[in-house]
Amino acid sequence: MDEEDTRDFNERCAQCSEVNWGLTDGGRFYCRSCHNVTERTREVVNTDFISNTRIQTISKDLRKQEKTDGGCEWYVCEGFQLVLKKQAEALEALGVCPQMKDEILCNFWRRYLQKSKQAYCNRPAGETVKALSVCDSSTDVDSEPERPSLLHLLSLSESEGDLQTDCSFASSTSKISESTSVCSGSVDGSMYLMKNQKEKLRMTMPMTLSFCYMALLWLREPMTLSDLLRFVVEGHIPYLNVFQHFPEKMKLCGLDLKIFCVESWPAYEEVYNKMLELAAFLDLPRFPDITDSCFLHPDMLCMKYLMEANLPDELHNWTCRVVKKICIGEADFLTLVPGNKSTRKVKYDVLAVAVIVVVLKLLFLLDDHYEWLLSDFAEERNKNNKEGGPYFEFKKWYKVIKCSLDVEQKKLDEERAKYLWRCEKPLFYSAQKKSKVLKRRQIVVNLQNQFGKLSGSVRPAEKPNPSSFQLSWSEENTDGSCFHGHSLKGILQEKCGLLTAMNPDYWLCTVKLCTEKLCGHLAHYREVDFPQSYHFVLRVRALNLI
């Protein structure tokens with residue numbers, strides 16, 4: 001049937017230059033080779049007359065999409081798709097492989113839409129009944145029943161307000177568009193929040209980051225989940241108020257704001273757990289192996305974190321020994337296998353931090369007593385050391401790091417306190433209110449500028465370029481604040497030709513064990529039960545996990 005309808009349309013596709021056209025449910029021509037949808041429609045009138053219906057053309061969706069306020073019909077999944085597109089573009093700008101957006105993330109998203117029965121499938125008949133019960137207003141029998149839905153996966157620009165694709169919902173979904181739009185700007189906003197989705201994952205804003213991290217993990221990109229969340233907090237990856245980047249025709253109203261507005265920073269555990277659920281839900285195969293040459297391997301991450309914490313390079317030999325001893329560097333241990341409950345779910349950044357903490361306890365004990373004795377011993381040896389590099393002094397390192405850590409923490413707290421949660425772009429839902437809202441917004445901006453001049457406040461400087469390192473240290477500094485080249489021989493002893501720790505003891509952190517299935521934790525941490533030096537080391541390492 002499509003061949004007959006497209007026989008007279010011989011224009012070449014603007015995207016791939018092929019002449020291989022098909023028709024969407026809305027009557028638009030789309031390229032079967034690259035799935036590009038054109039603005040051209042088949043202007044043929046349907047002459048089949050059915051009682052109690054109107055004669056319609058296949059291009060009727062063009063009239064339907066243009067509402068009185070200049071908006072168009074759109075679905076919640078289209079909004080999330082735009083969010084994913086913006087986040088993928090931001091990651092690509094940070095140096096992530098372009099393959100992530102166009103191949104990996106795109107395929108993950110297509111599979112999610114199909115698995116959750118939102119696209120690329122036949123719409124279940126039960127959805128119509130659920131949808132019609134959302135709002136009290138009824139649907140006219142003569143309302144136009146069809147609309148092409150969804151969009152080209154991750155290929156839409158902001159200038160395109162018309163969101164189309166080659167796959168579509170059943171006509172029953174568009175029948176409820178008029179009733180659901182009363183409750184929200186999107187077609188299915190009300191239904192999206194009210195329907196029971198226990199059998200499938202319902203998309204949320206934190207899950208967009210889960211999608212991104214899952215794609216990063218598949219490509220084994222040198223970015224951990226803590227790095228991803230830090231870039232979100234710093235504003236390098238769109239997340240808060242991301243809906244302000246939506247096309248002008250996608251009006252947000254009512255329940256849409258509850259879906260797309262977030263007023264809190266993304267939580268590590270939530271994003272990570274949702275990533276695991278997504279991977280199992282999508283029936284993904286075993287992820288590519290995490291080998292010792294991969295950035296996510298504990299040996300590689302420990303090297304990075306040791307440099308950032310300004311600790312001696314020699315500690316890396318000890319972390320590698322611990323990783324090898326307890327067999328946590330094997331590919332079978334580190335590689336994610338979705339849905340396999342027998343394999344461990346590894347948090348790569350947390351694992352590397354834990355290895356460093358264990359090594360520091362092995363060498364310095366961290367009991368508020370032994371580490372200071374070792375520091376005094378290393379200080380005395382440094383006084384008599386005329387050759388070679390200086391010995392590492394825990395006390396001196398503590399002072400340098402504490403000063404830098406306090407400065408960074410104060411800066412972070414100030415930035416979070418000054419953060420404007422309200423969207424800079426004013427939200428308005430009708431053309432009549434647009435001028436009034438913009439005028440009020442301009443008044444607010446002018447008042448803020450005037451009060452800023454009177455109070456003498458200085459405008460914040462532009463954000464520096466994103467970096468994987470929050471703290472950086474250079475051995476060229478003459479003040480001795482860099483400890484990378486310091487030696488551990490001052491706190492070690494030689495036995496059988498090998499350097500071993502002077503410390504013979506070790507204490508466990510698991511004071512109170514628990515059942516993970518009951519409360520979600522293997523052990524409970526109480527600050528009063530642990531030494532202050534141990535708290536400080538955790539605080540330094542936590543900087544990597546912000």
# chains A, B, ... in the order shown; residues from 1 in each chain; ligands from 1
call {"tool": "residues_around", "arguments": {"residues": "Leu538 of chain A", "least_positions_apart": "6", "cutoff": "10 Å", "atoms": "only C-alpha atoms", "output": "tab-separated table (two decimals) with C-alpha atoms, in the first residue's frame"}}
result
chain	number	residue	atom	x	y	z
A	353	VAL	CA	38.45	4.19	47.84
A	354	ALA	CA	37.92	1.22	50.18
A	357	VAL	CA	41.51	3.10	53.28
A	532	GLN	CA	39.30	10.92	64.57
call {"tool": "residues_around", "arguments": {"residues": "segment 319-333 of chain A", "least_positions_apart": "6", "cutoff": "12 Å", "atoms": "only C-alpha atoms", "output": "JSON, numbers by chain"}}
result
{"A": [286, 287, 288, 289, 290, 291, 292, 293, 294, 296, 297, 298, 299, 300, 301, 302, 303, 304, 305, 306, 312, 313, 342, 343, 344, 345, 346, 347, 348, 351, 352, 353, 354, 355, 356, 357, 358, 359, 360, 361, 362, 363]}
call {"tool": "write_last_selection", "arguments": {"atoms": "N, CA and C atoms", "output": "short mmCIF file (atom, residue, chain, number, x, y, z; two decimals), in the first residue's frame"}}
result
data_model
loop_
_atom_site.label_atom_id
_atom_site.label_comp_id
_atom_site.auth_asym_id
_atom_site.auth_seq_id
_atom_site.Cartn_x
_atom_site.Cartn_y
_atom_site.Cartn_z
N ARG A 286 26.00 -9.69 29.03
CA ARG A 286 27.15 -9.35 29.87
C ARG A 286 27.88 -8.14 29.28
N PHE A 287 28.19 -7.18 30.14
CA PHE A 287 28.88 -5.98 29.70
C PHE A 287 30.32 -6.32 29.31
N PRO A 288 30.97 -5.47 28.52
CA PRO A 288 32.37 -5.71 28.16
C PRO A 288 33.24 -5.85 29.41
N ASP A 289 34.22 -6.73 29.35
CA ASP A 289 35.05 -7.06 30.51
C ASP A 289 35.84 -5.85 31.00
N ILE A 290 35.91 -5.72 32.32
CA ILE A 290 36.75 -4.70 32.96
C ILE A 290 38.10 -5.36 33.24
N THR A 291 39.07 -5.09 32.41
CA THR A 291 40.40 -5.69 32.54
C THR A 291 41.35 -4.74 33.27
N ASP A 292 42.58 -5.20 33.49
CA ASP A 292 43.53 -4.38 34.23
C ASP A 292 44.00 -3.15 33.45
N SER A 293 43.73 -3.12 32.15
CA SER A 293 44.07 -1.94 31.35
C SER A 293 42.93 -0.94 31.25
N CYS A 294 41.79 -1.27 31.85
CA CYS A 294 40.61 -0.40 31.82
C CYS A 294 40.69 0.61 32.96
N LEU A 296 38.41 1.72 34.84
CA LEU A 296 37.57 1.36 35.98
C LEU A 296 38.16 0.26 36.85
N HIS A 297 39.28 -0.30 36.45
CA HIS A 297 39.94 -1.33 37.26
C HIS A 297 40.47 -0.69 38.56
N PRO A 298 40.39 -1.40 39.69
CA PRO A 298 40.84 -0.82 40.97
C PRO A 298 42.26 -0.28 40.93
N ASP A 299 43.16 -0.97 40.22
CA ASP A 299 44.55 -0.48 40.17
C ASP A 299 44.64 0.91 39.53
N MET A 300 43.87 1.12 38.47
CA MET A 300 43.89 2.41 37.78
C MET A 300 43.22 3.49 38.63
N LEU A 301 42.08 3.17 39.21
CA LEU A 301 41.37 4.17 40.01
C LEU A 301 42.14 4.51 41.28
N CYS A 302 42.79 3.53 41.88
CA CYS A 302 43.59 3.81 43.07
C CYS A 302 44.73 4.78 42.74
N MET A 303 45.34 4.61 41.60
CA MET A 303 46.40 5.53 41.20
C MET A 303 45.86 6.96 41.09
N LYS A 304 44.69 7.12 40.49
CA LYS A 304 44.09 8.44 40.35
C LYS A 304 43.75 9.05 41.71
N TYR A 305 43.13 8.26 42.57
CA TYR A 305 42.70 8.78 43.87
C TYR A 305 43.89 9.07 44.79
N LEU A 306 44.96 8.29 44.67
CA LEU A 306 46.17 8.57 45.46
C LEU A 306 46.79 9.90 45.05
N PRO A 312 51.75 9.48 48.85
CA PRO A 312 52.95 9.01 48.15
C PRO A 312 52.65 8.02 47.04
N ASP A 313 53.42 8.09 45.97
CA ASP A 313 53.24 7.18 44.85
C ASP A 313 53.50 5.73 45.24
N SER A 342 23.93 -13.98 41.34
CA SER A 342 25.08 -14.62 41.98
C SER A 342 26.35 -13.78 41.86
N THR A 343 26.37 -12.83 40.93
CA THR A 343 27.57 -11.99 40.76
C THR A 343 27.42 -10.70 41.57
N ARG A 344 28.56 -10.19 42.02
CA ARG A 344 28.55 -8.96 42.80
C ARG A 344 28.34 -7.76 41.89
N LYS A 345 27.61 -6.78 42.42
CA LYS A 345 27.41 -5.52 41.71
C LYS A 345 28.44 -4.53 42.25
N VAL A 346 29.45 -4.23 41.44
CA VAL A 346 30.61 -3.48 41.90
C VAL A 346 30.42 -1.99 41.65
N LYS A 347 30.65 -1.21 42.69
CA LYS A 347 30.75 0.25 42.56
C LYS A 347 32.24 0.57 42.48
N TYR A 348 32.71 0.84 41.29
CA TYR A 348 34.14 0.89 41.02
C TYR A 348 34.85 1.98 41.82
N LEU A 351 34.88 0.96 45.54
CA LEU A 351 35.82 -0.14 45.75
C LEU A 351 37.26 0.37 45.82
N ALA A 352 37.63 1.27 44.92
CA ALA A 352 38.99 1.81 44.92
C ALA A 352 39.26 2.62 46.19
N VAL A 353 38.30 3.41 46.60
CA VAL A 353 38.45 4.19 47.84
C VAL A 353 38.61 3.25 49.03
N ALA A 354 37.84 2.17 49.08
CA ALA A 354 37.92 1.22 50.18
C ALA A 354 39.30 0.57 50.24
N VAL A 355 39.87 0.25 49.08
CA VAL A 355 41.21 -0.36 49.05
C VAL A 355 42.24 0.60 49.64
N ILE A 356 42.16 1.88 49.30
CA ILE A 356 43.10 2.87 49.83
C ILE A 356 42.97 3.00 51.34
N VAL A 357 41.74 3.00 51.84
CA VAL A 357 41.51 3.10 53.28
C VAL A 357 42.11 1.88 53.99
N VAL A 358 41.94 0.70 53.41
CA VAL A 358 42.49 -0.51 54.01
C VAL A 358 44.02 -0.44 54.07
N VAL A 359 44.65 0.04 53.00
CA VAL A 359 46.10 0.16 52.97
C VAL A 359 46.60 1.14 54.02
N LEU A 360 45.92 2.26 54.16
CA LEU A 360 46.31 3.24 55.18
C LEU A 360 46.17 2.67 56.59
N LYS A 361 45.16 1.85 56.80
CA LYS A 361 45.02 1.21 58.11
C LYS A 361 46.10 0.16 58.34
N LEU A 362 46.47 -0.54 57.27
CA LEU A 362 47.54 -1.53 57.40
C LEU A 362 48.87 -0.88 57.78
N LEU A 363 49.15 0.29 57.22
CA LEU A 363 50.44 0.94 57.44
C LEU A 363 50.45 1.85 58.67
#
call {"tool": "closest_residue", "arguments": {"among": "A:Val400, A:Leu454, A:Leu499, A:Leu366", "to": "Asn317 of chain A", "atoms": "only C-alpha atoms"}}
result
A:Leu499
call {"tool": "residues_around", "arguments": {"residues": "Leu216 of chain A", "least_positions_apart": "2", "cutoff": "12 Å", "atoms": "only C-alpha atoms", "output": "ChimeraX atom specification"}}
result
/A:88,91-92,95-101,103-105,108,209-214,218-225,227-228,275,287-288,295-296
call {"tool": "write_last_selection", "arguments": {"atoms": "N, CA and C atoms", "output": "mmCIF file, in the first residue's frame"}}
result
data_model
loop_
_atom_site.group_PDB
_atom_site.id
_atom_site.type_symbol
_atom_site.label_atom_id
_atom_site.label_comp_id
_atom_site.auth_asym_id
_atom_site.auth_seq_id
_atom_site.Cartn_x
_atom_site.Cartn_y
_atom_site.Cartn_z
ATOM 1 N N ALA A 88 23.441 13.549 26.680
ATOM 2 C CA ALA A 88 24.415 12.866 25.822
ATOM 3 C C ALA A 88 25.301 13.876 25.098
ATOM 4 N N LEU A 91 27.845 15.168 27.600
ATOM 5 C CA LEU A 91 28.907 14.189 27.823
ATOM 6 C C LEU A 91 29.866 14.127 26.643
ATOM 7 N N GLU A 92 29.325 14.248 25.451
ATOM 8 C CA GLU A 92 30.179 14.256 24.262
ATOM 9 C C GLU A 92 31.099 15.473 24.279
ATOM 10 N N GLY A 95 34.180 15.001 26.276
ATOM 11 C CA GLY A 95 35.202 14.107 25.740
ATOM 12 C C GLY A 95 34.789 12.663 25.610
ATOM 13 N N VAL A 96 33.519 12.353 25.923
ATOM 14 C CA VAL A 96 33.053 10.971 25.794
ATOM 15 C C VAL A 96 32.939 10.616 24.313
ATOM 16 N N CYS A 97 33.162 9.362 24.007
ATOM 17 C CA CYS A 97 33.113 8.879 22.624
ATOM 18 C C CYS A 97 31.749 9.176 21.998
ATOM 19 N N PRO A 98 31.700 9.759 20.782
ATOM 20 C CA PRO A 98 30.411 10.052 20.135
ATOM 21 C C PRO A 98 29.549 8.815 19.925
ATOM 22 N N GLN A 99 30.172 7.663 19.925
ATOM 23 C CA GLN A 99 29.431 6.409 19.770
ATOM 24 C C GLN A 99 28.407 6.223 20.885
ATOM 25 N N MET A 100 28.646 6.826 22.033
ATOM 26 C CA MET A 100 27.738 6.660 23.163
ATOM 27 C C MET A 100 26.340 7.156 22.827
ATOM 28 N N LYS A 101 26.250 8.336 22.231
ATOM 29 C CA LYS A 101 24.943 8.935 21.947
ATOM 30 C C LYS A 101 24.244 8.242 20.784
ATOM 31 N N GLU A 103 24.808 5.397 19.107
ATOM 32 C CA GLU A 103 24.657 3.948 19.025
ATOM 33 C C GLU A 103 24.212 3.326 20.352
ATOM 34 N N ILE A 104 24.995 3.520 21.394
ATOM 35 C CA ILE A 104 24.730 2.807 22.650
ATOM 36 C C ILE A 104 23.474 3.352 23.344
ATOM 37 N N LEU A 105 23.481 4.639 23.685
ATOM 38 C CA LEU A 105 22.347 5.210 24.401
ATOM 39 C C LEU A 105 21.079 5.156 23.568
ATOM 40 N N PHE A 108 19.749 1.610 23.759
ATOM 41 C CA PHE A 108 19.183 1.372 25.090
ATOM 42 C C PHE A 108 17.801 2.012 25.197
ATOM 43 N N LEU A 209 20.028 9.771 34.334
ATOM 44 C CA LEU A 209 21.440 9.603 34.684
ATOM 45 C C LEU A 209 21.813 8.121 34.737
ATOM 46 N N SER A 210 20.860 7.280 35.125
ATOM 47 C CA SER A 210 21.116 5.837 35.106
ATOM 48 C C SER A 210 21.356 5.354 33.685
ATOM 49 N N PHE A 211 20.583 5.866 32.731
ATOM 50 C CA PHE A 211 20.801 5.540 31.324
ATOM 51 C C PHE A 211 22.197 5.975 30.880
ATOM 52 N N CYS A 212 22.569 7.202 31.250
ATOM 53 C CA CYS A 212 23.882 7.720 30.845
ATOM 54 C C CYS A 212 25.010 6.889 31.442
ATOM 55 N N TYR A 213 24.897 6.555 32.719
ATOM 56 C CA TYR A 213 25.956 5.777 33.357
ATOM 57 C C TYR A 213 26.031 4.376 32.765
ATOM 58 N N MET A 214 24.883 3.804 32.436
ATOM 59 C CA MET A 214 24.866 2.468 31.835
ATOM 60 C C MET A 214 25.580 2.494 30.480
ATOM 61 N N TRP A 218 29.078 0.614 29.534
ATOM 62 C CA TRP A 218 29.162 -0.300 28.395
ATOM 63 C C TRP A 218 30.395 0.022 27.543
ATOM 64 N N LEU A 219 30.678 1.303 27.393
ATOM 65 C CA LEU A 219 31.840 1.715 26.601
ATOM 66 C C LEU A 219 33.135 1.725 27.414
ATOM 67 N N ARG A 220 33.022 1.473 28.722
ATOM 68 C CA ARG A 220 34.168 1.504 29.630
ATOM 69 C C ARG A 220 34.886 2.854 29.564
ATOM 70 N N GLU A 221 34.070 3.906 29.554
ATOM 71 C CA GLU A 221 34.611 5.260 29.509
ATOM 72 C C GLU A 221 35.277 5.598 30.843
ATOM 73 N N PRO A 222 36.308 6.442 30.829
ATOM 74 C CA PRO A 222 37.005 6.810 32.080
ATOM 75 C C PRO A 222 36.214 7.821 32.897
ATOM 76 N N MET A 223 35.003 7.456 33.268
ATOM 77 C CA MET A 223 34.158 8.315 34.091
ATOM 78 C C MET A 223 33.348 7.441 35.037
ATOM 79 N N THR A 224 33.558 7.615 36.320
ATOM 80 C CA THR A 224 32.807 6.850 37.316
ATOM 81 C C THR A 224 31.470 7.521 37.586
ATOM 82 N N LEU A 225 30.624 6.837 38.332
ATOM 83 C CA LEU A 225 29.325 7.406 38.667
ATOM 84 C C LEU A 225 29.479 8.656 39.522
ATOM 85 N N ASP A 227 31.922 10.778 39.358
ATOM 86 C CA ASP A 227 32.302 11.841 38.427
ATOM 87 C C ASP A 227 31.082 12.377 37.692
ATOM 88 N N LEU A 228 30.227 11.473 37.237
ATOM 89 C CA LEU A 228 29.021 11.875 36.521
ATOM 90 C C LEU A 228 28.138 12.766 37.384
ATOM 91 N N MET A 275 20.127 1.887 37.663
ATOM 92 C CA MET A 275 20.920 1.391 36.529
ATOM 93 C C MET A 275 20.911 -0.134 36.490
ATOM 94 N N PHE A 287 28.190 -7.177 30.137
ATOM 95 C CA PHE A 287 28.883 -5.980 29.701
ATOM 96 C C PHE A 287 30.320 -6.322 29.308
ATOM 97 N N PRO A 288 30.966 -5.466 28.516
ATOM 98 C CA PRO A 288 32.374 -5.712 28.164
ATOM 99 C C PRO A 288 33.241 -5.849 29.410
ATOM 100 N N PHE A 295 40.194 1.815 32.716
ATOM 101 C CA PHE A 295 40.238 2.877 33.714
ATOM 102 C C PHE A 295 39.457 2.501 34.974
ATOM 103 N N LEU A 296 38.409 1.719 34.842
ATOM 104 C CA LEU A 296 37.566 1.365 35.981
ATOM 105 C C LEU A 296 38.160 0.260 36.849
#
call {"tool": "select_by_dssp", "arguments": {"residues": "segment 348-421 of chain A", "states": "helix (DSSP H, G or I)", "output": "PyMOL selection string"}}
result
chain A and resi 348-364+370-383+394-418
call {"tool": "residues_around", "arguments": {"residues": "Asp376 of chain A", "least_positions_apart": "2", "cutoff": "12 Å", "atoms": "only C-alpha atoms", "output": "ChimeraX atom specification"}}
result
/A:369-374,378-383,391-396,490-491
call {"tool": "atom_distance", "arguments": {"atom1": "atom CA of Val445 of chain A", "atom2": "atom CA of Phe243 of chain A"}}
result
20.6 Å
call {"tool": "closest_residue", "arguments": {"among": "A:Leu365, A:Leu334, A:Val233, A:Ala280", "to": "Arg416 of chain A", "atoms": "only C-alpha atoms"}}
result
A:Val233
call {"tool": "residues_around", "arguments": {"residues": "Arg202 of chain A", "least_positions_apart": "3", "cutoff": "12 Å", "atoms": "only C-alpha atoms", "output": "list in words"}}
result
Val76, Cys77, Phe80, Tyr112, Leu113, Lys115, Ser116, Lys117, Gln118, Met191, Tyr192, Leu193, Met194, Lys195, Asn196, Gln197, Lys198, Glu199, Met205, Pro206, Met207, Thr208, Ile259, Lys274, Glu277, Leu278 and Phe281 of chain A
call {"tool": "atom_distance", "arguments": {"atom1": "atom CA of Glu494 of chain A", "atom2": "atom CA of Asn385 of chain A"}}
result
18.0 Å
call {"tool": "atom_distance", "arguments": {"atom1": "atom CA of Glu89 of chain A", "atom2": "atom CA of Pro338 of chain A"}}
result
26.3 Å
call {"tool": "residues_around", "arguments": {"residues": "Glu18 of chain A", "least_positions_apart": "4", "cutoff": "10 Å", "atoms": "only C-alpha atoms", "output": "PyMOL selection string"}}
result
chain A and resi 10-14+31-34
call {"tool": "closest_residue", "arguments": {"among": "A:His245, A:Lys251, A:Arg111, A:His316", "to": "Val187 of chain A", "atoms": "only C-alpha atoms"}}
result
A:Lys251
call {"tool": "select_by_dssp", "arguments": {"residues": "segment 212-461 of chain A", "states": "strand (DSSP E or B)", "output": "VMD selection string"}}
result
chain A and resid 239 241 254 391
call {"tool": "write_last_selection", "arguments": {"atoms": "N, CA and C atoms", "output": "mmCIF file, in the first residue's frame"}}
result
data_model
loop_
_atom_site.group_PDB
_atom_site.id
_atom_site.type_symbol
_atom_site.label_atom_id
_atom_site.label_comp_id
_atom_site.auth_asym_id
_atom_site.auth_seq_id
_atom_site.Cartn_x
_atom_site.Cartn_y
_atom_site.Cartn_z
ATOM 1 N N TYR A 239 20.465 18.753 34.122
ATOM 2 C CA TYR A 239 19.622 17.922 34.992
ATOM 3 C C TYR A 239 18.583 18.787 35.698
ATOM 4 N N ASN A 241 16.256 21.833 36.133
ATOM 5 C CA ASN A 241 15.605 22.777 35.215
ATOM 6 C C ASN A 241 15.954 22.507 33.755
ATOM 7 N N GLY A 254 0.954 21.894 34.965
ATOM 8 C CA GLY A 254 0.394 20.972 35.947
ATOM 9 C C GLY A 254 1.321 19.838 36.309
ATOM 10 N N TYR A 391 61.097 11.450 53.720
ATOM 11 C CA TYR A 391 60.195 10.408 54.189
ATOM 12 C C TYR A 391 58.814 11.018 54.437
#
